[in-house]
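Data block below; observations after.
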Amino acid sequence: MRIVRHLTMALWVVVLFGFGFSSGQASDRIPVAVSILPLGDFTRMIGGGRLDVRVMVPPGTSPHTYEPTPASARMLATVRVLILNGLGLEFWAEKLIDAANNPALVVVRTAEGLEILENERDDEQPAGDGDRTVHSTRGNPHVWLDPINAIHQVKGIRDAIKQADPDGIDVYQAHAARYIEELNHLDEEIRQTVAKFETRKLINFHAGFSYFIRRYGLEQVAVVERTPGREPSPKEIANIVETAKRFGIKAIFAEPQFPPKAARVIAEECGAQVLFLNPLGDPPDFSYVETMRRNLRQLTKAMGNGD
């Protein structure tokens, strides 16, 4: 099982690094590695065609359980900038950076400087399939799911790219400014939609959307998996079902990076539907803004919009 997954990861490395967000001749642009798709989109929007953006965590894979390959270290030896979320999301990063032996590499951890939420469960736990471990983090790492936090991350990426490529400063400044304006519009759109919600209580797959929930005044009354990848026990399922019935929850949210089995069991027991919130999005042509709008539409189905 583990050998198969390594081969799959290696294949995705080839696919993503060969295509990813790249177009034209990659050799003409500044090579930049990012850990996850949202950071890749932020970087692409800032780059204005000057950057060759390479995403490390394959689509459909959670960064909580990602296992880098030797190809990842070889790739890091050739890039100018490594853009991380931080807070332990990329638990593999330090060893990979050491293995790359690239003293010129500019590394930015984009969550630095933000107000960080604590995890509900912060210890290392077995993931439940006998072959995967969810690694501990330093606080809840899912900061990018709050568009205002995303603006902070965009600024950090902009400054790191400017350091690596001073010739492109004007380009990066202008593109970052336009994208920040777009993120501010997204924030206002979400506020106006959430203001019409008939309920503000939800049951989420795990605490990934906690920053979004805090920003927009929602209330997470339960989570399906307290540790991503570890299915809830029968007692935990019974407690979630009771909570869902008590608050009249209409939907149990799952995430496409994890099997929805437990969410479906809970939904069936309490008469709810299963809907999906995607914290990472999907290639090709991934857009953070459009992914967040799709998530907002899913939330509206569950929470009502007063119409």
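Following the order of the structure tokens, chains are lettered A, B, ..., residues in each are numbered from 1, and ligands are numbered from 1.
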
Checklist entry - Contacts of A:Leu51 at 9 Å or less, counting only C-alpha atoms, minus same-chain residues fewer than 2 places along, as number ranges by chain? => result A: 22, 26, 28-32, 43-44, 46-49, 53

Create the file for the chosen residues now, containing C-alpha atoms and written as a PDB file, in the first residue's frame.
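Below is the file part-v7.pdb, written as the result:
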ATOM      1  CA  SER A  22       2.945  26.788 -15.985  1.00  0.00           C
ATOM      2  CA  ALA A  26       9.410  27.528 -17.849  1.00  0.00           C
ATOM      3  CA  ASP A  28      12.300  31.888 -19.013  1.00  0.00           C
ATOM      4  CA  ARG A  29      10.559  32.350 -15.675  1.00  0.00           C
ATOM      5  CA  ILE A  30      11.474  32.278 -11.981  1.00  0.00           C
ATOM      6  CA  PRO A  31      10.894  28.757 -10.585  1.00  0.00           C
ATOM      7  CA  VAL A  32       8.777  28.851  -7.425  1.00  0.00           C
ATOM      8  CA  THR A  43       1.474  33.170  -6.349  1.00  0.00           C
ATOM      9  CA  ARG A  44       0.227  32.850  -9.917  1.00  0.00           C
ATOM     10  CA  ILE A  46       0.995  37.924  -8.233  1.00  0.00           C
ATOM     11  CA  GLY A  47       3.445  36.671 -10.853  1.00  0.00           C
ATOM     12  CA  GLY A  48       2.097  38.280 -13.984  1.00  0.00           C
ATOM     13  CA  GLY A  49       3.672  35.590 -16.159  1.00  0.00           C
ATOM     14  CA  VAL A  53       4.689  27.923 -10.128  1.00  0.00           C
TER      15      VAL A  53
END

Checklist entry - Per DSSP on the backbone, what are the alpha helix (DSSP H) residues of stretch 10-113 of chain A, as a PyMOL selection string? => result chain A and resi 10-18+37-47+70-76+93-100

Residue neighbourhood A:Arg158, 12 Å, only C-alpha atoms, exclusion window fewer than 3 positions, as a PDB file with N, CA and C atoms, in the first residue's frame:
ATOM      1  N   LEU A  39      -2.117  28.432  -2.221  1.00  0.00           N
ATOM      2  CA  LEU A  39      -0.911  29.256  -2.251  1.00  0.00           C
ATOM      3  C   LEU A  39      -0.373  29.358  -3.674  1.00  0.00           C
ATOM      4  N   PHE A  42      -2.456  32.081  -5.333  1.00  0.00           N
ATOM      5  CA  PHE A  42      -2.008  33.399  -4.873  1.00  0.00           C
ATOM      6  C   PHE A  42      -0.733  33.809  -5.622  1.00  0.00           C
ATOM      7  N   THR A  43       0.179  32.881  -5.716  1.00  0.00           N
ATOM      8  CA  THR A  43       1.474  33.170  -6.349  1.00  0.00           C
ATOM      9  C   THR A  43       1.312  33.442  -7.837  1.00  0.00           C
ATOM     10  N   ARG A  44       0.480  32.644  -8.481  1.00  0.00           N
ATOM     11  CA  ARG A  44       0.227  32.850  -9.917  1.00  0.00           C
ATOM     12  C   ARG A  44      -0.390  34.218 -10.174  1.00  0.00           C
ATOM     13  N   MET A  45      -1.319  34.623  -9.306  1.00  0.00           N
ATOM     14  CA  MET A  45      -1.977  35.912  -9.504  1.00  0.00           C
ATOM     15  C   MET A  45      -1.004  37.077  -9.309  1.00  0.00           C
ATOM     16  N   ILE A  46      -0.014  36.885  -8.464  1.00  0.00           N
ATOM     17  CA  ILE A  46       0.995  37.924  -8.233  1.00  0.00           C
ATOM     18  C   ILE A  46       2.015  37.964  -9.368  1.00  0.00           C
ATOM     19  N   GLY A  47       2.290  36.815  -9.973  1.00  0.00           N
ATOM     20  CA  GLY A  47       3.445  36.671 -10.853  1.00  0.00           C
ATOM     21  C   GLY A  47       3.381  37.397 -12.167  1.00  0.00           C
ATOM     22  N   GLY A  48       2.198  37.578 -12.717  1.00  0.00           N
ATOM     23  CA  GLY A  48       2.097  38.280 -13.984  1.00  0.00           C
ATOM     24  C   GLY A  48       2.867  37.633 -15.115  1.00  0.00           C
ATOM     25  N   LEU A  51       6.574  33.932 -13.328  1.00  0.00           N
ATOM     26  CA  LEU A  51       6.880  32.831 -12.430  1.00  0.00           C
ATOM     27  C   LEU A  51       6.463  31.489 -13.015  1.00  0.00           C
ATOM     28  N   VAL A  81      12.258  30.112  -4.771  1.00  0.00           N
ATOM     29  CA  VAL A  81      11.400  30.445  -3.632  1.00  0.00           C
ATOM     30  C   VAL A  81      10.569  29.217  -3.263  1.00  0.00           C
ATOM     31  N   ILE A  83       7.200  28.517  -0.961  1.00  0.00           N
ATOM     32  CA  ILE A  83       6.102  29.195  -0.272  1.00  0.00           C
ATOM     33  C   ILE A  83       5.305  28.162   0.505  1.00  0.00           C
ATOM     34  N   VAL A 108       9.263  31.280   2.652  1.00  0.00           N
ATOM     35  CA  VAL A 108       8.294  32.132   3.340  1.00  0.00           C
ATOM     36  C   VAL A 108       7.185  31.258   3.908  1.00  0.00           C
ATOM     37  N   THR A 110       3.641  31.722   5.199  1.00  0.00           N
ATOM     38  CA  THR A 110       2.710  32.826   4.996  1.00  0.00           C
ATOM     39  C   THR A 110       1.750  33.054   6.157  1.00  0.00           C
ATOM     40  N   ILE A 151      -5.341  37.677   2.267  1.00  0.00           N
ATOM     41  CA  ILE A 151      -4.688  38.929   1.887  1.00  0.00           C
ATOM     42  C   ILE A 151      -3.330  39.043   2.577  1.00  0.00           C
ATOM     43  N   HIS A 152      -3.273  38.690   3.850  1.00  0.00           N
ATOM     44  CA  HIS A 152      -2.000  38.689   4.583  1.00  0.00           C
ATOM     45  C   HIS A 152      -1.003  37.754   3.907  1.00  0.00           C
ATOM     46  N   GLN A 153      -1.474  36.585   3.480  1.00  0.00           N
ATOM     47  CA  GLN A 153      -0.592  35.624   2.833  1.00  0.00           C
ATOM     48  C   GLN A 153      -0.107  36.136   1.478  1.00  0.00           C
ATOM     49  N   VAL A 154      -0.991  36.772   0.741  1.00  0.00           N
ATOM     50  CA  VAL A 154      -0.606  37.342  -0.552  1.00  0.00           C
ATOM     51  C   VAL A 154       0.509  38.362  -0.368  1.00  0.00           C
ATOM     52  N   LYS A 155       0.406  39.183   0.645  1.00  0.00           N
ATOM     53  CA  LYS A 155       1.440  40.186   0.893  1.00  0.00           C
ATOM     54  C   LYS A 155       2.782  39.522   1.219  1.00  0.00           C
ATOM     55  N   ILE A 161       8.751  37.044  -3.263  1.00  0.00           N
ATOM     56  CA  ILE A 161       9.044  37.019  -4.689  1.00  0.00           C
ATOM     57  C   ILE A 161       9.866  38.244  -5.085  1.00  0.00           C
ATOM     58  N   LYS A 162       9.546  39.385  -4.527  1.00  0.00           N
ATOM     59  CA  LYS A 162      10.317  40.600  -4.810  1.00  0.00           C
ATOM     60  C   LYS A 162      11.770  40.426  -4.379  1.00  0.00           C
ATOM     61  N   GLN A 163      11.974  39.746  -3.246  1.00  0.00           N
ATOM     62  CA  GLN A 163      13.336  39.499  -2.768  1.00  0.00           C
ATOM     63  C   GLN A 163      14.102  38.608  -3.738  1.00  0.00           C
ATOM     64  N   ALA A 164      13.422  37.605  -4.286  1.00  0.00           N
ATOM     65  CA  ALA A 164      14.086  36.664  -5.191  1.00  0.00           C
ATOM     66  C   ALA A 164      14.267  37.233  -6.590  1.00  0.00           C
ATOM     67  N   ASP A 165      13.403  38.167  -6.987  1.00  0.00           N
ATOM     68  CA  ASP A 165      13.438  38.703  -8.358  1.00  0.00           C
ATOM     69  C   ASP A 165      13.218  40.213  -8.321  1.00  0.00           C
ATOM     70  N   PRO A 166      14.222  40.981  -7.920  1.00  0.00           N
ATOM     71  CA  PRO A 166      14.057  42.442  -7.822  1.00  0.00           C
ATOM     72  C   PRO A 166      13.673  43.102  -9.142  1.00  0.00           C
ATOM     73  N   GLY A 168      11.449  42.299 -11.087  1.00  0.00           N
ATOM     74  CA  GLY A 168      10.003  42.246 -11.306  1.00  0.00           C
ATOM     75  C   GLY A 168       9.183  42.957 -10.258  1.00  0.00           C
ATOM     76  N   ILE A 169       9.811  43.803  -9.450  1.00  0.00           N
ATOM     77  CA  ILE A 169       9.108  44.426  -8.324  1.00  0.00           C
ATOM     78  C   ILE A 169       7.843  45.153  -8.763  1.00  0.00           C
ATOM     79  N   ASP A 170       7.929  45.944  -9.824  1.00  0.00           N
ATOM     80  CA  ASP A 170       6.760  46.717 -10.263  1.00  0.00           C
ATOM     81  C   ASP A 170       5.613  45.800 -10.688  1.00  0.00           C
ATOM     82  N   VAL A 171       5.957  44.719 -11.369  1.00  0.00           N
ATOM     83  CA  VAL A 171       4.940  43.755 -11.791  1.00  0.00           C
ATOM     84  C   VAL A 171       4.260  43.134 -10.579  1.00  0.00           C
ATOM     85  N   TYR A 172       5.073  42.692  -9.622  1.00  0.00           N
ATOM     86  CA  TYR A 172       4.511  42.019  -8.450  1.00  0.00           C
ATOM     87  C   TYR A 172       3.666  42.969  -7.611  1.00  0.00           C
ATOM     88  N   GLN A 173       4.118  44.199  -7.470  1.00  0.00           N
ATOM     89  CA  GLN A 173       3.351  45.185  -6.705  1.00  0.00           C
ATOM     90  C   GLN A 173       1.984  45.404  -7.340  1.00  0.00           C
ATOM     91  N   ALA A 174       1.968  45.614  -8.651  1.00  0.00           N
ATOM     92  CA  ALA A 174       0.714  45.932  -9.343  1.00  0.00           C
ATOM     93  C   ALA A 174      -0.254  44.756  -9.314  1.00  0.00           C
ATOM     94  N   HIS A 175       0.254  43.554  -9.596  1.00  0.00           N
ATOM     95  CA  HIS A 175      -0.630  42.389  -9.630  1.00  0.00           C
ATOM     96  C   HIS A 175      -1.143  42.038  -8.236  1.00  0.00           C
ATOM     97  N   ALA A 176      -0.293  42.158  -7.233  1.00  0.00           N
ATOM     98  CA  ALA A 176      -0.735  41.886  -5.869  1.00  0.00           C
ATOM     99  C   ALA A 176      -1.820  42.866  -5.448  1.00  0.00           C
ATOM    100  N   ALA A 177      -1.660  44.133  -5.800  1.00  0.00           N
ATOM    101  CA  ALA A 177      -2.656  45.140  -5.432  1.00  0.00           C
ATOM    102  C   ALA A 177      -4.012  44.818  -6.062  1.00  0.00           C
ATOM    103  N   TYR A 179      -5.076  41.867  -7.025  1.00  0.00           N
ATOM    104  CA  TYR A 179      -5.634  40.644  -6.439  1.00  0.00           C
ATOM    105  C   TYR A 179      -6.164  40.899  -5.025  1.00  0.00           C
ATOM    106  N   ILE A 180      -5.494  41.722  -4.258  1.00  0.00           N
ATOM    107  CA  ILE A 180      -5.980  42.072  -2.925  1.00  0.00           C
ATOM    108  C   ILE A 180      -7.343  42.755  -3.029  1.00  0.00           C
TER     109      ILE A 180
END

Next on the checklist: Measuring between only C-alpha atoms, which one of A:Glu112, A:Asp146, A:Asp98, A:Glu242 shows the shortest distance to A:Leu84?
Outcome noted: A:Glu112

Checklist entry - In terms of the shortest atom-to-atom distance over only C-alpha atoms, which of A:Phe258, A:Phe209, A:Trp92, A:Phe247 is closest to A:Met56? => result A:Trp92
